[in-house]
>>> print(open('data_27.csv').read())   # CSV, N, CA and C atoms and all ligand atoms
chain,number,residue,atom,x,y,z
I,11,MET,N,4.3,11.5,-13.5
I,11,MET,CA,4.0,11.1,-12.1
I,11,MET,C,5.2,10.8,-11.4
I,12,GLY,N,6.3,10.2,-12.0
I,12,GLY,CA,7.5,10.0,-11.4
I,12,GLY,C,7.7,8.7,-10.6
I,13,HIS,N,6.6,7.9,-10.4
I,13,HIS,CA,6.8,6.6,-9.7
I,13,HIS,C,7.3,5.6,-10.7
I,14,THR,N,7.8,4.5,-10.2
I,14,THR,CA,8.5,3.5,-11.0
I,14,THR,C,7.6,2.5,-11.6
I,15,GLY,N,6.4,2.4,-11.2
I,15,GLY,CA,5.5,1.3,-11.7
I,15,GLY,C,5.6,0.1,-10.9
I,16,ASN,N,6.3,0.1,-9.8
I,16,ASN,CA,6.5,-1.1,-8.9
I,16,ASN,C,5.4,-1.1,-7.9
I,17,PRO,N,4.5,-2.2,-7.9
I,17,PRO,CA,3.4,-2.3,-6.9
I,17,PRO,C,3.9,-2.3,-5.5
I,18,GLY,N,5.2,-2.5,-5.3
I,18,GLY,CA,5.7,-2.5,-3.9
I,18,GLY,C,6.0,-1.1,-3.5
I,19,ASN,N,5.8,-0.2,-4.4
I,19,ASN,CA,6.0,1.2,-4.0
I,19,ASN,C,5.1,1.6,-2.8
I,20,THR,N,5.8,2.0,-1.8
I,20,THR,CA,5.0,2.3,-0.5
I,20,THR,C,5.2,3.7,-0.1
I,21,ARG,N,5.6,4.5,-1.1
I,21,ARG,CA,5.8,6.0,-0.8
I,21,ARG,C,4.5,6.5,-0.1
I,22,ALA,N,4.7,7.1,1.0
I,22,ALA,CA,3.6,7.5,1.8
I,22,ALA,C,2.9,8.7,1.1
I,23,ASP,N,3.6,9.4,0.2
I,23,ASP,CA,3.0,10.6,-0.4
I,23,ASP,C,2.3,10.2,-1.7
I,24,TYR,N,2.3,9.0,-2.1
I,24,TYR,CA,1.7,8.6,-3.4
I,24,TYR,C,0.2,8.8,-3.4
I,25,VAL,N,-0.3,9.5,-4.3
I,25,VAL,CA,-1.8,9.7,-4.3
I,25,VAL,C,-2.2,9.4,-5.7
I,26,PRO,N,-3.0,8.3,-5.9
I,26,PRO,CA,-3.4,7.9,-7.2
I,26,PRO,C,-4.5,8.9,-7.8
I,27,PRO,N,-4.5,9.0,-9.1
I,27,PRO,CA,-5.5,9.9,-9.7
I,27,PRO,C,-6.9,9.5,-9.3
I,28,LEU,N,-7.8,10.4,-9.1
I,28,LEU,CA,-9.2,10.1,-8.7
I,28,LEU,C,-10.1,10.1,-9.9
I,29,ASN,N,-10.8,9.0,-10.1
I,29,ASN,CA,-11.8,9.0,-11.2
I,29,ASN,C,-13.0,8.1,-10.7
I,30,ASN,N,-14.1,8.3,-11.3
I,30,ASN,CA,-15.3,7.6,-10.8
I,30,ASN,C,-15.2,6.1,-10.9
I,31,GLN,N,-14.6,5.6,-12.0
I,31,GLN,CA,-14.5,4.1,-12.2
I,31,GLN,C,-13.8,3.5,-11.0
I,32,THR,N,-12.7,4.1,-10.6
I,32,THR,CA,-11.8,3.6,-9.6
I,32,THR,C,-12.5,3.8,-8.2
I,33,LEU,N,-13.2,5.0,-8.1
I,33,LEU,CA,-13.9,5.3,-6.8
I,33,LEU,C,-15.0,4.3,-6.6
I,34,PHE,N,-15.8,4.0,-7.6
I,34,PHE,CA,-16.9,3.0,-7.4
I,34,PHE,C,-16.4,1.6,-7.1
I,35,ARG,N,-15.2,1.3,-7.7
I,35,ARG,CA,-14.6,0.0,-7.3
I,35,ARG,C,-14.1,0.0,-5.9
I,36,ARG,N,-13.5,1.1,-5.5
I,36,ARG,CA,-13.0,1.2,-4.1
I,36,ARG,C,-14.2,0.9,-3.1
I,37,ASP,N,-15.4,1.4,-3.4
I,37,ASP,CA,-16.5,1.3,-2.6
I,37,ASP,C,-17.4,0.1,-3.0
I,38,ALA,N,-16.8,-0.8,-3.8
I,38,ALA,CA,-17.5,-2.0,-4.2
I,38,ALA,C,-18.9,-1.8,-4.8
I,39,TYR,N,-19.1,-0.7,-5.5
I,39,TYR,CA,-20.3,-0.3,-6.1
I,39,TYR,C,-21.5,-0.2,-5.1
I,40,LEU,N,-21.1,0.0,-3.9
I,40,LEU,CA,-22.2,0.2,-2.8
I,40,LEU,C,-22.3,1.7,-2.6
I,41,CYS,N,-23.6,2.1,-2.4
I,41,CYS,CA,-23.8,3.5,-2.0
I,41,CYS,C,-23.4,3.5,-0.5
I,42,MET,N,-22.5,4.5,-0.2
I,42,MET,CA,-22.0,4.6,1.1
I,42,MET,C,-23.0,5.2,2.1
I,43,TYR,N,-24.2,5.5,1.7
I,43,TYR,CA,-25.2,5.9,2.6
I,43,TYR,C,-26.3,4.9,2.8
I,44,CYS,N,-26.9,4.3,1.8
I,44,CYS,CA,-27.9,3.4,2.0
I,44,CYS,C,-27.4,1.9,1.9
I,45,ALA,N,-26.1,1.7,1.6
I,45,ALA,CA,-25.5,0.4,1.6
I,45,ALA,C,-26.1,-0.6,0.5
I,46,GLU,N,-26.7,0.0,-0.5
I,46,GLU,CA,-27.3,-0.9,-1.5
I,46,GLU,C,-26.3,-0.8,-2.7
I,47,ARG,N,-26.3,-1.9,-3.5
I,47,ARG,CA,-25.4,-2.0,-4.6
I,47,ARG,C,-26.1,-1.6,-5.9
I,48,PHE,N,-25.5,-0.8,-6.7
I,48,PHE,CA,-26.1,-0.2,-7.9
I,48,PHE,C,-25.2,-0.4,-9.1
I,49,PRO,N,-25.8,-0.4,-10.3
I,49,PRO,CA,-24.9,-0.4,-11.5
I,49,PRO,C,-24.3,1.0,-11.7
I,50,THR,N,-23.2,1.0,-12.4
I,50,THR,CA,-22.4,2.3,-12.5
I,50,THR,C,-23.3,3.4,-12.9
I,51,ALA,N,-24.2,3.2,-13.8
I,51,ALA,CA,-25.0,4.3,-14.3
I,51,ALA,C,-25.8,5.0,-13.3
I,52,GLU,N,-26.1,4.3,-12.2
I,52,GLU,CA,-26.9,4.9,-11.1
I,52,GLU,C,-26.1,5.4,-9.9
I,53,LEU,N,-24.8,5.4,-10.1
I,53,LEU,CA,-23.9,5.9,-9.0
I,53,LEU,C,-23.3,7.2,-9.3
I,54,SER,N,-22.9,7.9,-8.3
I,54,SER,CA,-22.3,9.2,-8.5
I,54,SER,C,-21.3,9.5,-7.4
I,55,ARG,N,-20.5,10.5,-7.6
I,55,ARG,CA,-19.4,10.9,-6.7
I,55,ARG,C,-20.0,11.9,-5.7
I,56,ASP,N,-20.0,11.5,-4.5
I,56,ASP,CA,-20.5,12.5,-3.5
I,56,ASP,C,-19.3,13.1,-2.7
I,57,HIS,N,-19.3,14.4,-2.5
I,57,HIS,CA,-18.3,15.0,-1.7
I,57,HIS,C,-18.8,15.1,-0.3
I,58,VAL,N,-18.2,14.3,0.6
I,58,VAL,CA,-18.7,14.2,2.0
I,58,VAL,C,-18.8,15.6,2.6
I,59,ARG,N,-17.7,16.4,2.5
I,59,ARG,CA,-17.8,17.8,2.9
I,59,ARG,C,-17.9,18.5,1.6
I,60,PRO,N,-19.1,19.1,1.3
I,60,PRO,CA,-19.3,19.7,0.0
I,60,PRO,C,-18.4,20.9,-0.3
I,61,PHE,N,-18.2,21.1,-1.6
I,61,PHE,CA,-17.3,22.3,-2.1
I,61,PHE,C,-17.7,23.5,-1.4
I,62,SER,N,-19.0,23.8,-1.3
I,62,SER,CA,-19.5,25.0,-0.7
I,62,SER,C,-19.1,25.2,0.8
I,63,GLN,N,-18.7,24.1,1.4
I,63,GLN,CA,-18.2,24.2,2.8
I,63,GLN,C,-16.7,23.9,2.9
I,64,GLY,N,-16.0,24.1,1.8
I,64,GLY,CA,-14.6,23.9,1.8
I,64,GLY,C,-14.1,22.5,1.6
I,65,GLY,N,-15.0,21.6,1.2
I,65,GLY,CA,-14.5,20.3,0.9
I,65,GLY,C,-13.7,20.2,-0.4
I,66,LEU,N,-12.8,19.2,-0.5
I,66,LEU,CA,-11.9,19.1,-1.6
I,66,LEU,C,-12.3,17.8,-2.4
I,67,ASP,N,-11.9,17.8,-3.7
I,67,ASP,CA,-12.1,16.7,-4.5
I,67,ASP,C,-10.9,15.7,-4.4
I,68,THR,N,-10.9,15.1,-3.2
I,68,THR,CA,-9.8,14.2,-2.9
I,68,THR,C,-10.4,12.9,-2.4
I,69,TRP,N,-9.6,11.8,-2.5
I,69,TRP,CA,-10.0,10.4,-2.1
I,69,TRP,C,-10.7,10.4,-0.7
I,70,SER,N,-10.1,11.1,0.2
I,70,SER,CA,-10.6,11.0,1.6
I,70,SER,C,-11.8,11.9,1.8
I,71,ASN,N,-12.3,12.6,0.8
I,71,ASN,CA,-13.5,13.4,0.9
I,71,ASN,C,-14.6,13.0,-0.1
I,72,VAL,N,-14.4,11.9,-0.8
I,72,VAL,CA,-15.4,11.5,-1.8
I,72,VAL,C,-15.8,10.0,-1.5
I,73,VAL,N,-17.1,9.8,-1.7
I,73,VAL,CA,-17.6,8.4,-1.6
I,73,VAL,C,-18.6,8.1,-2.8
I,74,THR,N,-18.8,6.9,-3.0
I,74,THR,CA,-19.8,6.4,-3.9
I,74,THR,C,-21.2,6.6,-3.3
I,75,ALA,N,-22.1,7.2,-4.1
I,75,ALA,CA,-23.5,7.4,-3.6
I,75,ALA,C,-24.4,7.2,-4.7
I,76,CYS,N,-25.6,6.6,-4.4
I,76,CYS,CA,-26.6,6.4,-5.4
I,76,CYS,C,-27.2,7.8,-5.7
I,77,ARG,N,-27.9,8.0,-6.8
I,77,ARG,CA,-28.4,9.3,-7.1
I,77,ARG,C,-29.4,9.8,-6.1
I,78,ARG,N,-30.2,8.9,-5.6
I,78,ARG,CA,-31.2,9.3,-4.6
I,78,ARG,C,-30.6,9.8,-3.4
I,79,CYS,N,-29.6,9.1,-2.8
I,79,CYS,CA,-28.9,9.6,-1.6
I,79,CYS,C,-28.1,10.9,-1.9
I,80,ASN,N,-27.5,11.0,-3.0
I,80,ASN,CA,-26.7,12.2,-3.4
I,80,ASN,C,-27.7,13.4,-3.4
I,81,ASN,N,-28.8,13.2,-4.0
I,81,ASN,CA,-29.8,14.3,-4.1
I,81,ASN,C,-30.4,14.6,-2.7
I,82,ALA,N,-30.6,13.6,-1.9
I,82,ALA,CA,-31.1,13.8,-0.6
I,82,ALA,C,-30.1,14.6,0.3
I,83,LYS,N,-28.9,14.3,0.1
I,83,LYS,CA,-27.8,14.9,1.0
I,83,LYS,C,-27.6,16.3,0.5
I,84,ALA,N,-27.7,16.5,-0.8
I,84,ALA,CA,-27.5,17.8,-1.5
I,84,ALA,C,-26.2,18.5,-1.0
I,85,TRP,N,-26.2,19.7,-0.6
I,85,TRP,CA,-24.9,20.5,-0.3
I,85,TRP,C,-24.6,20.4,1.1
I,86,ARG,N,-25.1,19.4,1.9
I,86,ARG,CA,-24.8,19.4,3.3
I,86,ARG,C,-23.8,18.3,3.6
I,87,THR,N,-23.3,18.4,4.8
I,87,THR,CA,-22.4,17.3,5.3
I,87,THR,C,-23.3,16.2,5.8
I,88,PRO,N,-22.8,14.9,6.0
I,88,PRO,CA,-23.6,13.8,6.4
I,88,PRO,C,-24.3,14.2,7.8
I,89,GLU,N,-23.6,14.9,8.7
I,89,GLU,CA,-24.2,15.3,9.9
I,89,GLU,C,-25.4,16.2,9.7
I,90,GLN,N,-25.2,17.2,8.9
I,90,GLN,CA,-26.3,18.2,8.6
I,90,GLN,C,-27.5,17.5,8.0
I,91,ALA,N,-27.2,16.5,7.1
I,91,ALA,CA,-28.3,15.8,6.4
I,91,ALA,C,-28.8,14.6,7.2
I,92,HIS,N,-28.3,14.4,8.4
I,92,HIS,CA,-28.6,13.2,9.2
I,92,HIS,C,-28.5,11.9,8.5
I,93,MET,N,-27.4,11.8,7.7
I,93,MET,CA,-27.1,10.6,7.0
I,93,MET,C,-25.8,10.1,7.5
I,94,GLN,N,-25.7,8.7,7.6
I,94,GLN,CA,-24.4,8.1,8.1
I,94,GLN,C,-23.7,7.4,7.0
I,95,LEU,N,-22.4,7.6,7.0
I,95,LEU,CA,-21.5,6.8,6.1
I,95,LEU,C,-21.4,5.4,6.6
I,96,ILE,N,-21.4,4.4,5.7
I,96,ILE,CA,-21.2,3.0,6.1
I,96,ILE,C,-19.8,2.7,6.2
I,97,ALA,N,-18.9,3.5,5.6
I,97,ALA,CA,-17.4,3.2,5.6
I,97,ALA,C,-16.7,4.5,5.5
I,98,VAL,N,-15.6,4.6,6.1
I,98,VAL,CA,-14.8,5.9,6.0
I,98,VAL,C,-14.0,5.9,4.7
I,99,PRO,N,-14.1,7.0,3.9
I,99,PRO,CA,-13.3,7.0,2.7
I,99,PRO,C,-11.8,7.0,2.9
I,100,PHE,N,-11.1,6.4,2.0
I,100,PHE,CA,-9.6,6.3,2.2
I,100,PHE,C,-8.9,6.5,0.8
I,101,THR,N,-7.7,6.9,0.9
I,101,THR,CA,-6.8,7.1,-0.3
I,101,THR,C,-6.2,5.7,-0.6
I,102,PRO,N,-6.4,5.1,-1.7
I,102,PRO,CA,-5.7,3.9,-2.1
I,102,PRO,C,-4.2,4.0,-2.1
I,103,THR,N,-3.5,3.0,-1.7
I,103,THR,CA,-2.1,2.9,-1.9
I,103,THR,C,-1.8,2.6,-3.4
I,104,TYR,N,-0.6,2.6,-3.8
I,104,TYR,CA,-0.3,2.3,-5.2
I,104,TYR,C,-0.8,0.9,-5.6
I,105,ALA,N,-0.5,-0.1,-4.7
I,105,ALA,CA,-0.9,-1.5,-5.0
I,105,ALA,C,-2.5,-1.6,-5.1
I,106,GLU,N,-3.1,-0.9,-4.2
I,106,GLU,CA,-4.6,-0.9,-4.2
I,106,GLU,C,-5.1,-0.2,-5.5
I,107,TYR,N,-4.5,0.8,-5.9
I,107,TYR,CA,-4.9,1.5,-7.1
I,107,TYR,C,-4.8,0.7,-8.3
I,108,ILE,N,-3.6,0.0,-8.4
I,108,ILE,CA,-3.4,-0.9,-9.6
I,108,ILE,C,-4.5,-2.0,-9.6
I,109,PHE,N,-4.9,-2.5,-8.5
I,109,PHE,CA,-5.9,-3.5,-8.4
I,109,PHE,C,-7.3,-2.9,-8.8
I,110,LEU,N,-7.6,-1.7,-8.3
I,110,LEU,CA,-8.9,-1.1,-8.5
I,110,LEU,C,-9.1,-0.7,-10.0
I,111,LYS,N,-8.0,-0.2,-10.6
I,111,LYS,CA,-8.2,0.3,-12.0
I,111,LYS,C,-8.1,-0.9,-13.0
I,112,GLY,N,-7.6,-2.0,-12.6
I,112,GLY,CA,-7.6,-3.2,-13.5
I,112,GLY,C,-8.9,-3.7,-13.9
I,113,ARG,N,-9.1,-3.9,-15.2
I,113,ARG,CA,-10.4,-4.4,-15.6
I,113,ARG,C,-10.5,-5.9,-15.2
I,114,ARG,N,-9.4,-6.6,-15.5
I,114,ARG,CA,-9.3,-8.0,-15.2
I,114,ARG,C,-7.9,-8.3,-14.8
I,115,VAL,N,-7.8,-8.6,-13.5
I,115,VAL,CA,-6.4,-8.9,-13.0
I,115,VAL,C,-6.2,-10.4,-12.9
I,116,LEU,N,-5.1,-10.8,-13.4
I,116,LEU,CA,-4.7,-12.2,-13.4
I,116,LEU,C,-4.6,-12.7,-11.9
I,117,ALA,N,-5.0,-14.0,-11.7
I,117,ALA,CA,-5.0,-14.5,-10.3
I,117,ALA,C,-3.7,-14.3,-9.6
I,118,ASP,N,-2.6,-14.6,-10.2
I,118,ASP,CA,-1.3,-14.5,-9.5
I,118,ASP,C,-0.9,-13.0,-9.3
I,119,GLN,N,-1.3,-12.2,-10.2
I,119,GLN,CA,-1.1,-10.8,-10.1
I,119,GLN,C,-1.9,-10.2,-8.9
I,120,MET,N,-3.1,-10.7,-8.8
I,120,MET,CA,-4.0,-10.4,-7.7
I,120,MET,C,-3.4,-10.7,-6.4
I,121,GLU,N,-2.8,-11.9,-6.3
I,121,GLU,CA,-2.2,-12.3,-5.0
I,121,GLU,C,-1.0,-11.4,-4.7
I,122,TYR,N,-0.3,-11.1,-5.7
I,122,TYR,CA,0.9,-10.3,-5.5
I,122,TYR,C,0.5,-8.9,-5.0
I,123,LEU,N,-0.6,-8.4,-5.6
I,123,LEU,CA,-1.0,-7.1,-5.2
I,123,LEU,C,-1.6,-7.1,-3.8
I,124,LEU,N,-2.4,-8.1,-3.6
I,124,LEU,CA,-3.0,-8.2,-2.2
I,124,LEU,C,-2.0,-8.2,-1.1
I,125,ALA,N,-0.8,-8.9,-1.4
I,125,ALA,CA,0.3,-9.0,-0.5
I,125,ALA,C,0.8,-7.6,-0.1
I,126,HIS,N,0.6,-6.6,-1.1
I,126,HIS,CA,1.1,-5.3,-0.9
I,126,HIS,C,0.1,-4.3,-0.3
I,127,PHE,N,-1.1,-4.8,-0.1
I,127,PHE,CA,-2.1,-3.9,0.5
I,127,PHE,C,-1.8,-3.8,2.0
I,128,PRO,N,-2.0,-2.7,2.6
I,128,PRO,CA,-1.8,-2.6,4.1
I,128,PRO,C,-2.8,-3.6,4.7
I,129,ARG,N,-2.3,-4.2,5.9
I,129,ARG,CA,-3.2,-5.1,6.6
I,129,ARG,C,-4.5,-4.6,6.9
I,130,THR,N,-4.5,-3.3,7.2
I,130,THR,CA,-5.8,-2.6,7.6
I,130,THR,C,-6.7,-2.2,6.5
I,131,SER,N,-6.2,-2.5,5.2
I,131,SER,CA,-7.0,-2.1,4.1
I,131,SER,C,-8.4,-2.7,4.1
I,132,PRO,N,-9.4,-1.8,3.9
I,132,PRO,CA,-10.8,-2.3,3.9
I,132,PRO,C,-11.1,-3.2,2.6
I,133,LEU,N,-10.1,-3.1,1.7
I,133,LEU,CA,-10.3,-3.9,0.5
I,133,LEU,C,-10.2,-5.4,0.7
I,134,HIS,N,-9.5,-5.8,1.7
I,134,HIS,CA,-9.4,-7.3,1.9
I,134,HIS,C,-10.8,-7.9,2.1
I,135,ALA,N,-11.6,-7.3,2.9
I,135,ALA,CA,-12.9,-7.8,3.2
I,135,ALA,C,-13.8,-7.7,1.9
I,136,ARG,N,-13.6,-6.6,1.2
I,136,ARG,CA,-14.5,-6.4,0.0
I,136,ARG,C,-14.1,-7.4,-1.1
I,137,ILE,N,-12.8,-7.6,-1.2
I,137,ILE,CA,-12.4,-8.6,-2.3
I,137,ILE,C,-12.9,-10.0,-1.9
I,138,ARG,N,-12.8,-10.4,-0.7
I,138,ARG,CA,-13.3,-11.7,-0.3
I,138,ARG,C,-14.8,-11.8,-0.6
I,139,HIS,N,-15.5,-10.7,-0.4
I,139,HIS,CA,-16.9,-10.6,-0.7
I,139,HIS,C,-17.1,-10.8,-2.2
I,140,TRP,N,-16.3,-10.1,-3.0
I,140,TRP,CA,-16.5,-10.3,-4.5
I,140,TRP,C,-16.2,-11.7,-5.0
I,141,LEU,N,-15.2,-12.3,-4.3
I,141,LEU,CA,-14.7,-13.6,-4.8
I,141,LEU,C,-15.7,-14.7,-4.4
I,142,ASN,N,-16.6,-14.4,-3.5
I,142,ASN,CA,-17.5,-15.5,-3.0
I,142,ASN,C,-18.7,-15.6,-4.0
N,201,ZN,ZN,-28.0,5.4,-1.6
>>> encode(input="data_27.csv", output="structure tokens")
Amino acid sequence: MGHTGNPGNTRADYVPPLNNQTLFRRDAYLCMYCAERFPTAELSRDHVRPFSQGGLDTWSNVVTACRRCNNAKAWRTPEQAHMQLIAVPFTPTYAEYIFLKGRRVLADQMEYLLAHFPRTSPLHARIRHWLN
């Protein structure tokens, strides 16, 4: 991968690997269509713009969806399916990714990582939600 492992790494072109565990954590285990929270086993990776319409398997084109919503949406875009996303998908920065993939992050490590999240990161609100 070539990066140094420093959470302060702010390279604009850094793209963390995409996997379901990290994706579901990015979206706080909420279905991005019905806004309900589900256990991992009932969640799936939805391609906002489906493969059949040129969509890619990238962070900015994937969201967490419950099986019911994913089936209902099928191979359509949200507009075509008349379904609305509750949040815009985003590519995590390096610091965000370290946080998201950690099973258990130490409190001081968490603060350090949070300090490196962009101010506009939707994760600030989600993390506050988790900690409450
Ligand atoms: Zn749903």
>>> residues_near_point(input="data_27.csv", point="(-3.8, 9.0, -3.3)", cutoff="5 Å", atoms="all atoms listed in the file", output="short mmCIF file (atom, residue, chain, number, x, y, z; two decimals) with N, CA and C atoms, in the coordinates of the input")
data_model
loop_
_atom_site.label_atom_id
_atom_site.label_comp_id
_atom_site.auth_asym_id
_atom_site.auth_seq_id
_atom_site.Cartn_x
_atom_site.Cartn_y
_atom_site.Cartn_z
N TYR I 24 2.30 9.00 -2.10
CA TYR I 24 1.70 8.60 -3.40
C TYR I 24 0.20 8.80 -3.40
N VAL I 25 -0.30 9.50 -4.30
CA VAL I 25 -1.80 9.70 -4.30
C VAL I 25 -2.20 9.40 -5.70
N PRO I 26 -3.00 8.30 -5.90
CA PRO I 26 -3.40 7.90 -7.20
C PRO I 26 -4.50 8.90 -7.80
N THR I 101 -7.70 6.90 0.90
CA THR I 101 -6.80 7.10 -0.30
C THR I 101 -6.20 5.70 -0.60
N PRO I 102 -6.40 5.10 -1.70
CA PRO I 102 -5.70 3.90 -2.10
C PRO I 102 -4.20 4.00 -2.10
#
>>> closest_residue(input="data_27.csv", among="I:Glu46, I:Asp37, I:Glu89, I:Asp23", to="ligand ZN 201 (chain N)", atoms="only C-alpha atoms and all ligand atoms")
I:Glu46
>>> closest_atom_pairs(input="data_27.csv", of="chain I", to="ligand ZN 201 (chain N)", cutoff="7 Å", atoms="only N, CA and C atoms and all ligand atoms", output="CSV")
residue,atom,partner,partner_atom,distance
I:Leu40,C,N:ZN201,ZN,6.9
I:Cys41,CA,N:ZN201,ZN,4.6
I:Met42,N,N:ZN201,ZN,5.7
I:Tyr43,C,N:ZN201,ZN,4.7
I:Cys44,N,N:ZN201,ZN,3.7
I:Ala45,N,N:ZN201,ZN,5.2
I:Glu46,N,N:ZN201,ZN,5.7
I:Ala75,C,N:ZN201,ZN,5.1
I:Cys76,N,N:ZN201,ZN,3.9
I:Arg77,N,N:ZN201,ZN,5.8
I:Arg78,C,N:ZN201,ZN,5.4
I:Cys79,N,N:ZN201,ZN,4.2
I:Asn80,N,N:ZN201,ZN,5.8
>>> residues_near_point(input="data_27.csv", point="(-15.0, 7.3, -3.0)", cutoff="7 Å", atoms="all atoms listed in the file", output="list in words")
Thr32, Leu33, Phe34, Arg36, Asp37, Arg55, Asp56, Trp69, Ser70, Asn71, Val72, Val73, Thr74, Pro99 and Phe100 of chain I
>>> atom_distance(input="data_27.csv", atom1="CA of Pro60 in chain I", atom2="CA of Pro132 in chain I")
23.9 Å
>>> select_by_dssp(input="data_27.csv", residues="range 39-132 of chain I", states="strand (DSSP E or B)", output="list in words")
Leu40, Arg47, Leu53, Ser54, Arg55, Asp56, His57, Val72, Val73, Thr74, Ala75 and Cys76 of chain I
>>> write_last_selection(input="data_27.csv", atoms="N, CA and C atoms", output="short mmCIF file (atom, residue, chain, number, x, y, z; two decimals), keeping the file's coordinate frame")
data_model
loop_
_atom_site.label_atom_id
_atom_site.label_comp_id
_atom_site.auth_asym_id
_atom_site.auth_seq_id
_atom_site.Cartn_x
_atom_site.Cartn_y
_atom_site.Cartn_z
N LEU I 40 -21.10 0.00 -3.90
CA LEU I 40 -22.20 0.20 -2.80
C LEU I 40 -22.30 1.70 -2.60
N ARG I 47 -26.30 -1.90 -3.50
CA ARG I 47 -25.40 -2.00 -4.60
C ARG I 47 -26.10 -1.60 -5.90
N LEU I 53 -24.80 5.40 -10.10
CA LEU I 53 -23.90 5.90 -9.00
C LEU I 53 -23.30 7.20 -9.30
N SER I 54 -22.90 7.90 -8.30
CA SER I 54 -22.30 9.20 -8.50
C SER I 54 -21.30 9.50 -7.40
N ARG I 55 -20.50 10.50 -7.60
CA ARG I 55 -19.40 10.90 -6.70
C ARG I 55 -20.00 11.90 -5.70
N ASP I 56 -20.00 11.50 -4.50
CA ASP I 56 -20.50 12.50 -3.50
C ASP I 56 -19.30 13.10 -2.70
N HIS I 57 -19.30 14.40 -2.50
CA HIS I 57 -18.30 15.00 -1.70
C HIS I 57 -18.80 15.10 -0.30
N VAL I 72 -14.40 11.90 -0.80
CA VAL I 72 -15.40 11.50 -1.80
C VAL I 72 -15.80 10.00 -1.50
N VAL I 73 -17.10 9.80 -1.70
CA VAL I 73 -17.60 8.40 -1.60
C VAL I 73 -18.60 8.10 -2.80
N THR I 74 -18.80 6.90 -3.00
CA THR I 74 -19.80 6.40 -3.90
C THR I 74 -21.20 6.60 -3.30
N ALA I 75 -22.10 7.20 -4.10
CA ALA I 75 -23.50 7.40 -3.60
C ALA I 75 -24.40 7.20 -4.70
N CYS I 76 -25.60 6.60 -4.40
CA CYS I 76 -26.60 6.40 -5.40
C CYS I 76 -27.20 7.80 -5.70
#
>>> select_by_dssp(input="data_27.csv", residues="chain I", states="helix (DSSP H, G or I)", output="ChimeraX atom specification")
/I:30-36,50-52,61-63,69-71,77-83,88-91,104-111,117-126,133-141
>>> build_atoms(input="data_27.csv", residues="range 23-34 of chain I", atoms="N, CA, C and O atoms", output="short mmCIF file (atom, residue, chain, number, x, y, z; two decimals), in the frame of the given file")
data_model
loop_
_atom_site.label_atom_id
_atom_site.label_comp_id
_atom_site.auth_asym_id
_atom_site.auth_seq_id
_atom_site.Cartn_x
_atom_site.Cartn_y
_atom_site.Cartn_z
N ASP I 23 3.60 9.40 0.20
CA ASP I 23 3.00 10.60 -0.40
C ASP I 23 2.30 10.20 -1.70
O ASP I 23 1.89 11.13 -2.43
N TYR I 24 2.30 9.00 -2.10
CA TYR I 24 1.70 8.60 -3.40
C TYR I 24 0.20 8.80 -3.40
O TYR I 24 -0.43 8.20 -2.49
N VAL I 25 -0.30 9.50 -4.30
CA VAL I 25 -1.80 9.70 -4.30
C VAL I 25 -2.20 9.40 -5.70
O VAL I 25 -1.86 10.04 -6.70
N PRO I 26 -3.00 8.30 -5.90
CA PRO I 26 -3.40 7.90 -7.20
C PRO I 26 -4.50 8.90 -7.80
O PRO I 26 -5.16 9.57 -6.99
N PRO I 27 -4.50 9.00 -9.10
CA PRO I 27 -5.50 9.90 -9.70
C PRO I 27 -6.90 9.50 -9.30
O PRO I 27 -7.21 8.27 -9.22
N LEU I 28 -7.80 10.40 -9.10
CA LEU I 28 -9.20 10.10 -8.70
C LEU I 28 -10.10 10.10 -9.90
O LEU I 28 -10.12 11.09 -10.71
N ASN I 29 -10.80 9.00 -10.10
CA ASN I 29 -11.80 9.00 -11.20
C ASN I 29 -13.00 8.10 -10.70
O ASN I 29 -12.79 7.30 -9.80
N ASN I 30 -14.10 8.30 -11.30
CA ASN I 30 -15.30 7.60 -10.80
C ASN I 30 -15.20 6.10 -10.90
O ASN I 30 -15.63 5.37 -10.01
N GLN I 31 -14.60 5.60 -12.00
CA GLN I 31 -14.50 4.10 -12.20
C GLN I 31 -13.80 3.50 -11.00
O GLN I 31 -14.22 2.51 -10.40
N THR I 32 -12.70 4.10 -10.60
CA THR I 32 -11.80 3.60 -9.60
C THR I 32 -12.50 3.80 -8.20
O THR I 32 -12.47 2.99 -7.31
N LEU I 33 -13.20 5.00 -8.10
CA LEU I 33 -13.90 5.30 -6.80
C LEU I 33 -15.00 4.30 -6.60
O LEU I 33 -15.12 3.74 -5.47
N PHE I 34 -15.80 4.00 -7.60
CA PHE I 34 -16.90 3.00 -7.40
C PHE I 34 -16.40 1.60 -7.10
O PHE I 34 -16.96 0.92 -6.28
#
